[in-house]
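The file query-v7.tsv contains TSV, N, CA and C atoms:
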chain	number	residue	atom	x	y	z
A	1	MET	N	0.81	-1.21	0.00
A	1	MET	CA	0.00	0.00	0.00
A	1	MET	C	0.85	1.26	0.00
A	2	TRP	N	2.10	1.17	-0.33
A	2	TRP	CA	3.00	2.30	-0.15
A	2	TRP	C	2.58	3.57	-0.88
A	3	PRO	N	2.32	3.61	-2.15
A	3	PRO	CA	2.15	4.94	-2.74
A	3	PRO	C	0.92	5.69	-2.24
A	4	LEU	N	-0.11	4.99	-1.83
A	4	LEU	CA	-1.35	5.66	-1.47
A	4	LEU	C	-1.25	6.58	-0.25
A	5	PRO	N	-0.69	6.14	0.87
A	5	PRO	CA	-0.62	7.06	2.02
A	5	PRO	C	0.19	8.32	1.72
A	6	GLY	N	1.27	8.17	1.00
A	6	GLY	CA	2.08	9.33	0.65
A	6	GLY	C	1.32	10.30	-0.25
A	7	LEU	N	0.57	9.75	-1.20
A	7	LEU	CA	-0.21	10.60	-2.09
A	7	LEU	C	-1.33	11.31	-1.34
A	8	TYR	N	-1.97	10.62	-0.40
A	8	TYR	CA	-3.02	11.26	0.38
A	8	TYR	C	-2.47	12.41	1.21
A	9	LEU	N	-1.32	12.20	1.84
A	9	LEU	CA	-0.75	13.27	2.66
A	9	LEU	C	-0.32	14.45	1.80
A	10	LEU	N	0.22	14.17	0.62
A	10	LEU	CA	0.57	15.24	-0.30
A	10	LEU	C	-0.68	15.99	-0.75
A	11	GLU	N	-1.74	15.26	-0.99
A	11	GLU	CA	-3.01	15.88	-1.38
A	11	GLU	C	-3.55	16.78	-0.27
A	12	MET	N	-3.40	16.38	0.96
A	12	MET	CA	-3.88	17.21	2.07
A	12	MET	C	-3.09	18.51	2.16
A	13	LEU	N	-1.79	18.45	1.91
A	13	LEU	CA	-1.00	19.68	1.91
A	13	LEU	C	-1.43	20.61	0.78
A	14	VAL	N	-1.64	20.05	-0.39
A	14	VAL	CA	-2.06	20.85	-1.54
A	14	VAL	C	-3.45	21.44	-1.30
A	15	ALA	N	-4.38	20.64	-0.77
A	15	ALA	CA	-5.74	21.13	-0.51
A	15	ALA	C	-5.71	22.27	0.52
A	16	SER	N	-4.89	22.15	1.54
A	16	SER	CA	-4.79	23.21	2.55
A	16	SER	C	-4.21	24.48	1.95
A	17	ALA	N	-3.21	24.34	1.09
A	17	ALA	CA	-2.62	25.50	0.42
A	17	ALA	C	-3.64	26.16	-0.51
A	18	ILE	N	-4.43	25.35	-1.20
A	18	ILE	CA	-5.48	25.90	-2.07
A	18	ILE	C	-6.52	26.64	-1.24
A	19	GLY	N	-6.87	26.10	-0.08
A	19	GLY	CA	-7.81	26.78	0.81
A	19	GLY	C	-7.27	28.13	1.26
A	20	MET	N	-6.00	28.18	1.61
A	20	MET	CA	-5.39	29.44	2.02
A	20	MET	C	-5.38	30.43	0.85
A	21	PHE	N	-5.04	29.94	-0.34
A	21	PHE	CA	-5.05	30.80	-1.52
A	21	PHE	C	-6.45	31.34	-1.78
A	22	GLY	N	-7.47	30.50	-1.60
A	22	GLY	CA	-8.85	30.95	-1.79
A	22	GLY	C	-9.24	32.04	-0.81
A	23	ILE	N	-8.81	31.91	0.45
A	23	ILE	CA	-9.09	32.95	1.45
A	23	ILE	C	-8.42	34.25	1.04
A	24	LEU	N	-7.16	34.18	0.65
A	24	LEU	CA	-6.45	35.39	0.24
A	24	LEU	C	-7.08	36.01	-1.00
A	25	ARG	N	-7.50	35.17	-1.93
A	25	ARG	CA	-8.11	35.67	-3.16
A	25	ARG	C	-9.47	36.31	-2.88
A	26	SER	N	-10.25	35.70	-2.02
A	26	SER	CA	-11.58	36.27	-1.74
A	26	SER	C	-11.47	37.56	-0.94
A	27	ASP	N	-10.39	37.71	-0.17
A	27	ASP	CA	-10.22	38.95	0.58
A	27	ASP	C	-9.72	40.09	-0.29
A	28	SER	N	-8.96	39.76	-1.35
A	28	SER	CA	-8.37	40.82	-2.16
A	28	SER	C	-9.16	41.13	-3.42
A	29	ALA	N	-9.98	40.20	-3.89
A	29	ALA	CA	-10.71	40.40	-5.14
A	29	ALA	C	-12.20	40.65	-4.86
A	30	GLN	N	-12.87	41.16	-5.85
A	30	GLN	CA	-14.30	41.40	-5.74
A	30	GLN	C	-15.12	40.20	-6.18
A	31	SER	N	-14.47	39.18	-6.69
A	31	SER	CA	-15.21	38.03	-7.21
A	31	SER	C	-15.34	36.94	-6.15
A	32	ALA	N	-16.31	36.07	-6.34
A	32	ALA	CA	-16.60	35.00	-5.38
A	32	ALA	C	-15.83	33.71	-5.59
A	33	PRO	N	-15.11	33.48	-6.70
A	33	PRO	CA	-14.46	32.18	-6.88
A	33	PRO	C	-13.48	31.82	-5.78
A	34	GLY	N	-12.87	32.79	-5.15
A	34	GLY	CA	-11.95	32.50	-4.05
A	34	GLY	C	-12.66	31.81	-2.90
A	35	GLY	N	-13.86	32.27	-2.57
A	35	GLY	CA	-14.63	31.66	-1.51
A	35	GLY	C	-15.06	30.25	-1.86
A	36	MET	N	-15.48	30.03	-3.10
A	36	MET	CA	-15.87	28.69	-3.53
A	36	MET	C	-14.68	27.75	-3.50
A	37	LEU	N	-13.53	28.25	-3.89
A	37	LEU	CA	-12.31	27.45	-3.88
A	37	LEU	C	-11.96	27.03	-2.45
A	38	THR	N	-12.12	27.92	-1.52
A	38	THR	CA	-11.85	27.61	-0.12
A	38	THR	C	-12.79	26.53	0.40
A	39	TRP	N	-14.08	26.66	0.10
A	39	TRP	CA	-15.04	25.68	0.59
A	39	TRP	C	-14.83	24.32	-0.05
A	40	ALA	N	-14.40	24.28	-1.30
A	40	ALA	CA	-14.07	23.00	-1.93
A	40	ALA	C	-12.84	22.40	-1.25
A	41	ALA	N	-11.88	23.25	-0.90
A	41	ALA	CA	-10.69	22.77	-0.21
A	41	ALA	C	-11.00	22.28	1.21
A	42	ILE	N	-12.06	22.76	1.81
A	42	ILE	CA	-12.47	22.28	3.13
A	42	ILE	C	-13.05	20.87	3.02
A	43	GLY	N	-13.77	20.59	1.97
A	43	GLY	CA	-14.39	19.28	1.81
A	43	GLY	C	-13.39	18.16	1.64
A	44	VAL	N	-12.26	18.43	1.02
A	44	VAL	CA	-11.26	17.39	0.76
A	44	VAL	C	-10.67	16.83	2.06
A	45	PRO	N	-10.10	17.65	2.95
A	45	PRO	CA	-9.57	17.07	4.19
A	45	PRO	C	-10.67	16.54	5.11
A	46	LEU	N	-11.88	17.10	5.00
A	46	LEU	CA	-12.98	16.59	5.80
A	46	LEU	C	-13.31	15.15	5.41
A	47	ALA	N	-13.37	14.88	4.13
A	47	ALA	CA	-13.62	13.51	3.66
A	47	ALA	C	-12.47	12.59	4.03
A	48	PHE	N	-11.26	13.10	3.92
A	48	PHE	CA	-10.08	12.31	4.28
A	48	PHE	C	-10.11	11.95	5.76
A	49	ALA	N	-10.49	12.90	6.60
A	49	ALA	CA	-10.54	12.64	8.04
A	49	ALA	C	-11.65	11.65	8.39
A	50	VAL	N	-12.79	11.75	7.71
A	50	VAL	CA	-13.88	10.82	7.99
A	50	VAL	C	-13.53	9.42	7.50
A	51	MET	N	-12.95	9.33	6.31
A	51	MET	CA	-12.58	8.01	5.76
A	51	MET	C	-11.47	7.36	6.60
A	52	GLY	N	-10.55	8.15	7.10
A	52	GLY	CA	-9.47	7.62	7.92
A	52	GLY	C	-9.75	7.81	9.39
A	53	ALA	N	-10.98	7.55	9.80
A	53	ALA	CA	-11.45	7.87	11.15
A	53	ALA	C	-10.60	7.26	12.26
A	54	TRP	N	-10.06	6.08	12.04
A	54	TRP	CA	-9.30	5.43	13.11
A	54	TRP	C	-7.85	5.90	13.17
A	55	SER	N	-7.37	6.58	12.12
A	55	SER	CA	-5.95	6.92	12.14
A	55	SER	C	-5.66	8.42	12.08
A	56	VAL	N	-6.38	9.19	11.29
A	56	VAL	CA	-5.98	10.59	11.10
A	56	VAL	C	-7.03	11.61	11.48
A	57	ARG	N	-8.17	11.21	11.99
A	57	ARG	CA	-9.24	12.17	12.25
A	57	ARG	C	-8.77	13.34	13.10
A	58	LEU	N	-8.17	13.07	14.23
A	58	LEU	CA	-7.76	14.16	15.12
A	58	LEU	C	-6.60	14.96	14.57
A	59	LEU	N	-5.80	14.36	13.72
A	59	LEU	CA	-4.66	15.09	13.17
A	59	LEU	C	-5.08	16.19	12.19
A	60	TYR	N	-6.14	15.97	11.44
A	60	TYR	CA	-6.58	16.96	10.48
A	60	TYR	C	-7.70	17.86	11.00
A	61	SER	N	-8.20	17.60	12.17
A	61	SER	CA	-9.26	18.43	12.74
A	61	SER	C	-8.85	19.89	12.88
A	62	PRO	N	-7.66	20.21	13.40
A	62	PRO	CA	-7.29	21.63	13.50
A	62	PRO	C	-7.23	22.32	12.14
A	63	VAL	N	-6.76	21.63	11.13
A	63	VAL	CA	-6.69	22.22	9.79
A	63	VAL	C	-8.10	22.52	9.29
A	64	ILE	N	-9.00	21.57	9.47
A	64	ILE	CA	-10.38	21.76	9.00
A	64	ILE	C	-11.05	22.89	9.77
A	65	VAL	N	-10.88	22.94	11.09
A	65	VAL	CA	-11.50	23.98	11.91
A	65	VAL	C	-10.97	25.36	11.52
A	66	ILE	N	-9.67	25.49	11.33
A	66	ILE	CA	-9.09	26.78	10.96
A	66	ILE	C	-9.60	27.23	9.60
A	67	LEU	N	-9.65	26.31	8.62
A	67	LEU	CA	-10.15	26.68	7.30
A	67	LEU	C	-11.63	27.06	7.35
A	68	VAL	N	-12.42	26.35	8.13
A	68	VAL	CA	-13.85	26.67	8.24
A	68	VAL	C	-14.06	28.04	8.87
A	69	ILE	N	-13.34	28.32	9.95
A	69	ILE	CA	-13.47	29.63	10.60
A	69	ILE	C	-13.06	30.75	9.66
A	70	ALA	N	-11.94	30.58	8.97
A	70	ALA	CA	-11.49	31.62	8.04
A	70	ALA	C	-12.47	31.79	6.88
A	71	ALA	N	-13.02	30.69	6.38
A	71	ALA	CA	-13.98	30.78	5.27
A	71	ALA	C	-15.28	31.43	5.72
A	72	ILE	N	-15.76	31.09	6.91
A	72	ILE	CA	-16.99	31.71	7.41
A	72	ILE	C	-16.79	33.21	7.62
A	73	LEU	N	-15.69	33.59	8.23
A	73	LEU	CA	-15.43	35.02	8.45
A	73	LEU	C	-15.30	35.78	7.14
A	74	SER	N	-14.62	35.17	6.18
A	74	SER	CA	-14.46	35.81	4.88
A	74	SER	C	-15.81	35.93	4.16
A	75	GLY	N	-16.61	34.88	4.23
A	75	GLY	CA	-17.93	34.91	3.58
A	75	GLY	C	-18.88	35.90	4.23
A	76	ARG	N	-18.84	36.00	5.54
A	76	ARG	CA	-19.71	36.95	6.24
A	76	ARG	C	-19.33	38.39	5.93
A	77	ARG	N	-18.03	38.63	5.79
A	77	ARG	CA	-17.57	39.98	5.44
A	77	ARG	C	-18.11	40.41	4.08
A	78	ARG	N	-18.27	39.44	3.19
A	78	ARG	CA	-18.74	39.73	1.83
A	78	ARG	C	-20.23	39.45	1.64
A	79	ASN	N	-20.92	39.07	2.71
A	79	ASN	CA	-22.35	38.74	2.66
A	79	ASN	C	-22.66	37.68	1.61
A	80	GLN	N	-21.87	36.62	1.61
A	80	GLN	CA	-22.06	35.53	0.65
A	80	GLN	C	-23.00	34.48	1.22
A	81	ASN	N	-23.57	33.68	0.34
A	81	ASN	CA	-24.52	32.64	0.70
A	81	ASN	C	-23.77	31.44	1.30
A	82	MET	N	-23.90	31.25	2.60
A	82	MET	CA	-23.20	30.17	3.29
A	82	MET	C	-23.75	28.80	2.92
A	83	LEU	N	-25.04	28.72	2.63
A	83	LEU	CA	-25.64	27.44	2.28
A	83	LEU	C	-25.03	26.89	0.98
A	84	ALA	N	-24.83	27.76	0.02
A	84	ALA	CA	-24.20	27.33	-1.24
A	84	ALA	C	-22.76	26.89	-0.99
A	85	HIS	N	-22.07	27.58	-0.11
A	85	HIS	CA	-20.68	27.21	0.18
A	85	HIS	C	-20.61	25.86	0.89
A	86	TRP	N	-21.53	25.60	1.80
A	86	TRP	CA	-21.55	24.29	2.47
A	86	TRP	C	-21.85	23.20	1.45
A	87	GLY	N	-22.70	23.51	0.47
A	87	GLY	CA	-23.00	22.54	-0.59
A	87	GLY	C	-21.77	22.23	-1.42
A	88	ILE	N	-20.99	23.25	-1.74
A	88	ILE	CA	-19.74	23.04	-2.48
A	88	ILE	C	-18.80	22.16	-1.68
A	89	SER	N	-18.72	22.40	-0.39
A	89	SER	CA	-17.86	21.60	0.48
A	89	SER	C	-18.32	20.14	0.51
A	90	LEU	N	-19.62	19.92	0.56
A	90	LEU	CA	-20.16	18.56	0.56
A	90	LEU	C	-19.87	17.85	-0.76
A	91	ILE	N	-20.04	18.56	-1.87
A	91	ILE	CA	-19.73	17.97	-3.18
A	91	ILE	C	-18.26	17.61	-3.28
A	92	ALA	N	-17.38	18.48	-2.79
A	92	ALA	CA	-15.94	18.19	-2.81
A	92	ALA	C	-15.63	16.99	-1.92
A	93	ALA	N	-16.29	16.88	-0.77
A	93	ALA	CA	-16.06	15.75	0.12
A	93	ALA	C	-16.51	14.44	-0.53
A	94	LEU	N	-17.67	14.46	-1.18
A	94	LEU	CA	-18.15	13.26	-1.86
A	94	LEU	C	-17.23	12.87	-3.02
A	95	GLY	N	-16.72	13.87	-3.73
A	95	GLY	CA	-15.75	13.59	-4.80
A	95	GLY	C	-14.47	12.99	-4.25
A	96	GLN	N	-14.02	13.47	-3.11
A	96	GLN	CA	-12.81	12.93	-2.49
A	96	GLN	C	-13.02	11.49	-2.05
A	97	VAL	N	-14.17	11.18	-1.48
A	97	VAL	CA	-14.48	9.81	-1.06
A	97	VAL	C	-14.49	8.90	-2.28
A	98	ALA	N	-15.14	9.34	-3.36
A	98	ALA	CA	-15.19	8.54	-4.58
A	98	ALA	C	-13.79	8.31	-5.14
A	99	LEU	N	-12.96	9.34	-5.12
A	99	LEU	CA	-11.60	9.21	-5.61
A	99	LEU	C	-10.78	8.24	-4.76
A	100	MET	N	-10.91	8.34	-3.45
A	100	MET	CA	-10.17	7.44	-2.56
A	100	MET	C	-10.59	5.99	-2.77
A	101	LEU	N	-11.89	5.73	-2.85
A	101	LEU	CA	-12.36	4.37	-3.04
A	101	LEU	C	-11.97	3.82	-4.41
A	102	ALA	N	-12.01	4.67	-5.43
A	102	ALA	CA	-11.61	4.23	-6.77
A	102	ALA	C	-10.12	3.90	-6.82
A	103	LEU	N	-9.29	4.72	-6.18
A	103	LEU	CA	-7.85	4.44	-6.17
A	103	LEU	C	-7.53	3.16	-5.40
A	104	ILE	N	-8.21	2.95	-4.29
A	104	ILE	CA	-7.98	1.72	-3.53
A	104	ILE	C	-8.38	0.51	-4.38
A	105	ARG	N	-9.52	0.60	-5.03
A	105	ARG	CA	-9.98	-0.52	-5.86
A	105	ARG	C	-9.05	-0.74	-7.05
A	106	LEU	N	-8.55	0.34	-7.64
A	106	LEU	CA	-7.67	0.23	-8.80
A	106	LEU	C	-6.30	-0.33	-8.42
A	107	LEU	N	-5.71	0.18	-7.35
A	107	LEU	CA	-4.36	-0.25	-6.97
A	107	LEU	C	-4.34	-1.56	-6.20
A	108	TYR	N	-5.40	-1.83	-5.48
A	108	TYR	CA	-5.46	-3.04	-4.63
A	108	TYR	C	-6.78	-3.76	-4.86
A	109	PRO	N	-6.92	-4.48	-5.97
A	109	PRO	CA	-8.20	-5.10	-6.31
A	109	PRO	C	-8.71	-6.11	-5.26
A	110	ALA	N	-7.83	-6.68	-4.46
A	110	ALA	CA	-8.25	-7.65	-3.46
A	110	ALA	C	-8.68	-7.01	-2.15
A	111	ALA	N	-8.60	-5.70	-2.06
A	111	ALA	CA	-8.97	-5.00	-0.82
A	111	ALA	C	-10.46	-5.16	-0.56
A	112	ILE	N	-10.80	-5.33	0.70
A	112	ILE	CA	-12.19	-5.49	1.09
A	112	ILE	C	-12.63	-4.27	1.87
A	113	PHE	N	-13.70	-3.63	1.40
A	113	PHE	CA	-14.28	-2.48	2.10
A	113	PHE	C	-15.73	-2.36	1.82

Entire entry expressed as structure tokens:
Amino acid sequence: MWPLPGLYLLEMLVASAIGMFGILRSDSAQSAPGGMLTWAAIGVPLAFAVMGAWSVRLLYSPVIVILVIAAILSGRRRNQNMLAHWGISLIAALGQVALMLALIRLLYPAAIF
């Protein structure tokens, strides 16, 4: 199972950096894509933490909490629709779960889940 854990951890770093970039973009620009980008980046580590509940849940909780707080504060400052942003986060989380399960099935066909 070697390449998968390393790829997941690399993905979490990239998703967190994208979330930070989205916060900075939504604070400096007049457009909303920065906020949507942040909420999509929140869904990725959230799905990773839920899927890896026995091993990494608590390790990624601070990252998720910090991104959520920053995204909520940024969205409230701009009077953006929070319900739509939560929906984007949910879609990103479901996409992450599908990607994780597909990669496990592709790389390890004998895996049982």

Pick from A:Leu59, A:Ala84, A:Leu106, A:Val44, whichever lies nearest to Glu11 in chain A using all atoms listed in the file: A:Val44

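Take atom C of Met20 in chain A and CA of Gly6 in chain A: the distance between them is 22.4 Å.
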
Would you compute the box with edges along x, y and z of the file around range 53-56 of chain A, including every atom the file lists for it and 3 Å extra on each side, and give its centre and edge lengths in Å to one decimal, as lines of an AutoDock Vina configuration file?
center_x = -8.6
center_y = 8.5
center_z = 11.5
size_x = 11.8
size_y = 12.2
size_z = 9.4

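When atom C of Ala70 in chain A is paired with atom C of Leu4 in chain A, their separation reads 28.5 Å.
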
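Of the listed residues A:Tyr8, A:Trp39, A:Trp2, A:Tyr108, the one whose atoms come nearest to Ala71 in chain A is A:Trp39, with distances taken using all atoms listed in the file.
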
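Distance-wise, CA of Pro33 in chain A and atom C of Val56 in chain A end up 28.6 Å apart.
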
Alpha helix (DSSP H) call set, DSSP backbone run, chain A, as an NGL selection string: :A and (3-28 or 33-51 or 57-77 or 82-107)

Selection near Gln80 in chain A, 12 Å with only C-alpha atoms, sequence-local residues under 2 positions removed, as a PyMOL selection string: chain A and resi 26+30-36+71-78+82-86

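When the distance limit is 6.5 Å and all atoms listed in the file are what count, the residues near Val97 in chain A, minus those fewer than 4 positions from it on the same chain, are Ala47, Phe48, Ala92, Ala93, Leu101 and Ala102 of chain A.
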
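Here the question is which of A:Ile104, A:Leu9, A:Ser16, A:Gly87 gets nearest to Val65 in chain A using only C-alpha atoms, and that residue is A:Ser16.
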
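Remark: for Gly95 in chain A, the closest of the candidate residues A:Leu7, A:Leu24, A:Ile18, A:Ala41 is A:Ala41 (distances computed over only C-alpha atoms).
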
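Nearest to Pro45 in chain A of all the residues A:Met12, A:Leu99, A:Ile69, A:Ile88 is A:Met12, counting all atoms listed in the file.
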
Proximity to Pro62 in chain A - best of A:Asn81, A:Ser89, A:Ile42, A:Ile112, only C-alpha atoms: A:Ile42
